[in-house]
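One structure below.
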Amino acid sequence: MAEYRINARGLQCPGPIMQLFTQMKSAEPGDLVMIEVTDVGFKKDIEAWCRKTKNTLVSLIENDGVITAQVRKG
Amino acid sequence: MADDKKTIIVFSGDLDKAMAAMIIARGAAAMGNEVTLFFTFWGLNLLRKPESVPIQKGFLEAMFGWMMPRGARKAALSKMHMGGMGTAMMQHVMKTKNVPTLEEMIREAQEFGVTFIACTMSMDVMGIKPEELIDGVEFGGVATYLGSADEANVNLFI
């Protein structure tokens, strides 16, 4: 299982999910992608994104204005 | 779901409205949707190349082309344009907040596989020729739009 890390800090909506989508295309099922975002809307967006793209949100934490999500493909 | 489809009729050439359309289009593409944008009337101006393209045109067509904004960079706010000052201020704020320009949004949408269709009837009425539009734009009419809209679960008019 590969792990990927995306720094999407400073990107405005929908920049973070565009980066995530691009990364997920090259990932294999089961791979883990960690993404760091500063857009506060991302907290709700990532849930909808995972639901609609059939990926799994493993964790979602916010620390010092940085939201970190771990998403597993599939 | 990957087979979800969205369409947006981009009727307005206003900067703010076009931004809304491009943000929804890019977002939907990032959700794995197939997105079709149908550009008609003032929205067509967003697709014009920024440079002047030398083409033989009738007097009225040339006047139209001369009066309308050439490309996304020239799009103005629908409110508070204030002779260009409001729009310039907005563009400045967008830059400081790391929001892509409208031109960049359009390029990104194309890279993400969003389909751009220019309405040929509007082009004819407004005297806009295919060579004047940016690369990657397809040409079609209302049946093309309706064909896409019938298969989509979100259809917007902006």
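We name chains A, B, ... following the order of the structure tokens; residues begin at 1 in each chain, and ligands are numbered from 1 as shown.
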
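Any residue of chain A with an atom within 10 Å of chain B counts; using only C-alpha atoms, that gives Gly10, Leu11, Gln12, Cys13, Pro14, Gly15, Pro16, Ile17, Met18, Gln19, Leu20, Phe21, Thr22, Lys25, Ala48, Trp49, Cys50, Arg51, Lys52, Thr53 and Lys54 of chain A.
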
Practice item. Excluding B:Lys49 and any residue of its chain fewer than 6 positions from it, enumerate the residues within 9 Å of it, using only C-alpha atoms, and give them as number ranges by chain. Key: B: 70-72, 131-135

Enumerate as a PDB file with N, CA and C atoms, in the first residue's frame all residues of stretch 62-95 of chain B assigned to helix (DSSP H, G or I) by DSSP on the backbone, naming them with the chain letters and numbers the document uses.
ATOM      1  N   ALA B  62     -18.016  43.642 -37.253  1.00  0.00           N
ATOM      2  CA  ALA B  62     -16.755  44.211 -36.783  1.00  0.00           C
ATOM      3  C   ALA B  62     -16.999  45.146 -35.605  1.00  0.00           C
ATOM      4  N   MET B  63     -18.105  45.930 -35.688  1.00  0.00           N
ATOM      5  CA  MET B  63     -18.454  46.847 -34.594  1.00  0.00           C
ATOM      6  C   MET B  63     -18.732  46.073 -33.322  1.00  0.00           C
ATOM      7  N   PHE B  64     -19.527  45.020 -33.464  1.00  0.00           N
ATOM      8  CA  PHE B  64     -19.858  44.156 -32.324  1.00  0.00           C
ATOM      9  C   PHE B  64     -18.581  43.636 -31.669  1.00  0.00           C
ATOM     10  N   GLY B  65     -17.741  43.071 -32.513  1.00  0.00           N
ATOM     11  CA  GLY B  65     -16.496  42.482 -32.026  1.00  0.00           C
ATOM     12  C   GLY B  65     -15.634  43.513 -31.335  1.00  0.00           C
ATOM     13  N   TRP B  66     -15.689  44.716 -31.826  1.00  0.00           N
ATOM     14  CA  TRP B  66     -14.867  45.785 -31.289  1.00  0.00           C
ATOM     15  C   TRP B  66     -15.393  46.258 -29.922  1.00  0.00           C
ATOM     16  N   MET B  67     -16.730  46.246 -29.778  1.00  0.00           N
ATOM     17  CA  MET B  67     -17.342  46.761 -28.539  1.00  0.00           C
ATOM     18  C   MET B  67     -17.351  45.733 -27.401  1.00  0.00           C
ATOM     19  N   ALA B  72     -11.486  36.323 -21.405  1.00  0.00           N
ATOM     20  CA  ALA B  72     -11.814  36.263 -19.980  1.00  0.00           C
ATOM     21  C   ALA B  72     -11.103  37.351 -19.178  1.00  0.00           C
ATOM     22  N   ARG B  73      -9.929  37.767 -19.671  1.00  0.00           N
ATOM     23  CA  ARG B  73      -9.171  38.778 -18.930  1.00  0.00           C
ATOM     24  C   ARG B  73      -9.900  40.113 -18.905  1.00  0.00           C
ATOM     25  N   LYS B  74     -10.761  40.334 -19.907  1.00  0.00           N
ATOM     26  CA  LYS B  74     -11.477  41.609 -20.014  1.00  0.00           C
ATOM     27  C   LYS B  74     -12.837  41.584 -19.331  1.00  0.00           C
ATOM     28  N   MET B  82     -17.588  49.968 -11.476  1.00  0.00           N
ATOM     29  CA  MET B  82     -17.144  51.358 -11.284  1.00  0.00           C
ATOM     30  C   MET B  82     -16.076  51.788 -12.297  1.00  0.00           C
ATOM     31  N   GLY B  83     -16.443  51.653 -13.565  1.00  0.00           N
ATOM     32  CA  GLY B  83     -15.549  52.101 -14.630  1.00  0.00           C
ATOM     33  C   GLY B  83     -14.231  51.345 -14.655  1.00  0.00           C
ATOM     34  N   GLY B  84     -14.239  50.155 -14.076  1.00  0.00           N
ATOM     35  CA  GLY B  84     -13.024  49.332 -14.110  1.00  0.00           C
ATOM     36  C   GLY B  84     -12.319  49.272 -12.768  1.00  0.00           C
ATOM     37  N   MET B  85     -12.592  50.259 -11.907  1.00  0.00           N
ATOM     38  CA  MET B  85     -11.897  50.316 -10.622  1.00  0.00           C
ATOM     39  C   MET B  85     -12.284  49.151  -9.706  1.00  0.00           C
ATOM     40  N   GLY B  86     -13.603  48.896  -9.639  1.00  0.00           N
ATOM     41  CA  GLY B  86     -14.095  47.815  -8.781  1.00  0.00           C
ATOM     42  C   GLY B  86     -13.561  46.470  -9.243  1.00  0.00           C
ATOM     43  N   THR B  87     -13.585  46.252 -10.551  1.00  0.00           N
ATOM     44  CA  THR B  87     -13.094  44.983 -11.103  1.00  0.00           C
ATOM     45  C   THR B  87     -11.603  44.817 -10.832  1.00  0.00           C
ATOM     46  N   ALA B  88     -10.841  45.896 -11.014  1.00  0.00           N
ATOM     47  CA  ALA B  88      -9.394  45.830 -10.762  1.00  0.00           C
ATOM     48  C   ALA B  88      -9.124  45.515  -9.297  1.00  0.00           C
ATOM     49  N   MET B  89      -9.926  46.121  -8.410  1.00  0.00           N
ATOM     50  CA  MET B  89      -9.759  45.861  -6.975  1.00  0.00           C
ATOM     51  C   MET B  89     -10.046  44.403  -6.653  1.00  0.00           C
ATOM     52  N   MET B  90     -11.140  43.887  -7.250  1.00  0.00           N
ATOM     53  CA  MET B  90     -11.505  42.488  -7.027  1.00  0.00           C
ATOM     54  C   MET B  90     -10.394  41.560  -7.514  1.00  0.00           C
ATOM     55  N   GLN B  91      -9.852  41.864  -8.703  1.00  0.00           N
ATOM     56  CA  GLN B  91      -8.786  41.018  -9.249  1.00  0.00           C
ATOM     57  C   GLN B  91      -7.558  41.056  -8.345  1.00  0.00           C
ATOM     58  N   HIS B  92      -7.309  42.236  -7.762  1.00  0.00           N
ATOM     59  CA  HIS B  92      -6.173  42.359  -6.849  1.00  0.00           C
ATOM     60  C   HIS B  92      -6.392  41.499  -5.602  1.00  0.00           C
ATOM     61  N   VAL B  93      -7.604  41.606  -5.039  1.00  0.00           N
ATOM     62  CA  VAL B  93      -7.917  40.838  -3.827  1.00  0.00           C
ATOM     63  C   VAL B  93      -7.839  39.332  -4.121  1.00  0.00           C
ATOM     64  N   MET B  94      -8.377  38.928  -5.281  1.00  0.00           N
ATOM     65  CA  MET B  94      -8.328  37.508  -5.648  1.00  0.00           C
ATOM     66  C   MET B  94      -6.890  37.012  -5.698  1.00  0.00           C
ATOM     67  N   LYS B  95      -6.007  37.848  -6.227  1.00  0.00           N
ATOM     68  CA  LYS B  95      -4.601  37.462  -6.346  1.00  0.00           C
ATOM     69  C   LYS B  95      -3.975  37.292  -4.954  1.00  0.00           C
TER      70      LYS B  95
END

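Within chain A, residues classed as strand (DSSP E) by DSSP on backbone coordinates are Glu3, Tyr4, Arg5, Ile6, Asn7, Ala8, Leu32, Val33, Met34, Ile35, Glu36, Val37, Thr56, Leu57, Val58, Ser59, Leu60, Ile61, Glu62, Asn63, Val66, Ile67, Thr68, Ala69, Gln70, Val71 and Arg72 of chain A.
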
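Minimum atom-to-atom distances from A:Ala27, A:Leu32, A:Asn55, A:Arg9 to A:Ile67 were compared using only C-alpha atoms, and the lowest value belongs to A:Arg9.
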
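Nearest-residue note for B:Gly147: choosing from B:Asn45, B:Ala118, B:Glu104, B:Thr7, the minimum distance belongs to B:Thr7, counting only C-alpha atoms.
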
**Study point:** Exercise: A:Ala2 partners within 10 Å, only C-alpha atoms, chain neighbours under 6 positions left out, as a ChimeraX atom specification
**Key:** /A:27-33

Review point. Suppose you want the space between atom CA of A:Asn7 and atom CA of A:Val37; what is it in Å?
Key: 7.0 Å

Exercise for review: Might you pull out every residue within 8 Å of B:Ala152, with only C-alpha atoms counted and same-chain residues fewer than 2 positions away left off, and present them as an MDAnalysis selection string?
Suggested key: chainID B and resid 4:7 148:150 154:155

Exercise for review: Write out as JSON, numbers by chain the residues lying within 12 Å of B:Ser122, counting only C-alpha atoms and excluding same-chain residues fewer than 5 positions away.
Suggested key: {"B": [11, 38, 39, 40, 41, 42, 43, 44, 45, 117, 127, 128, 129, 130, 139, 140, 141, 142]}

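The spacing separating atom CA of B:Ile8 from atom CA of A:Ser26 amounts to 28.2 Å.
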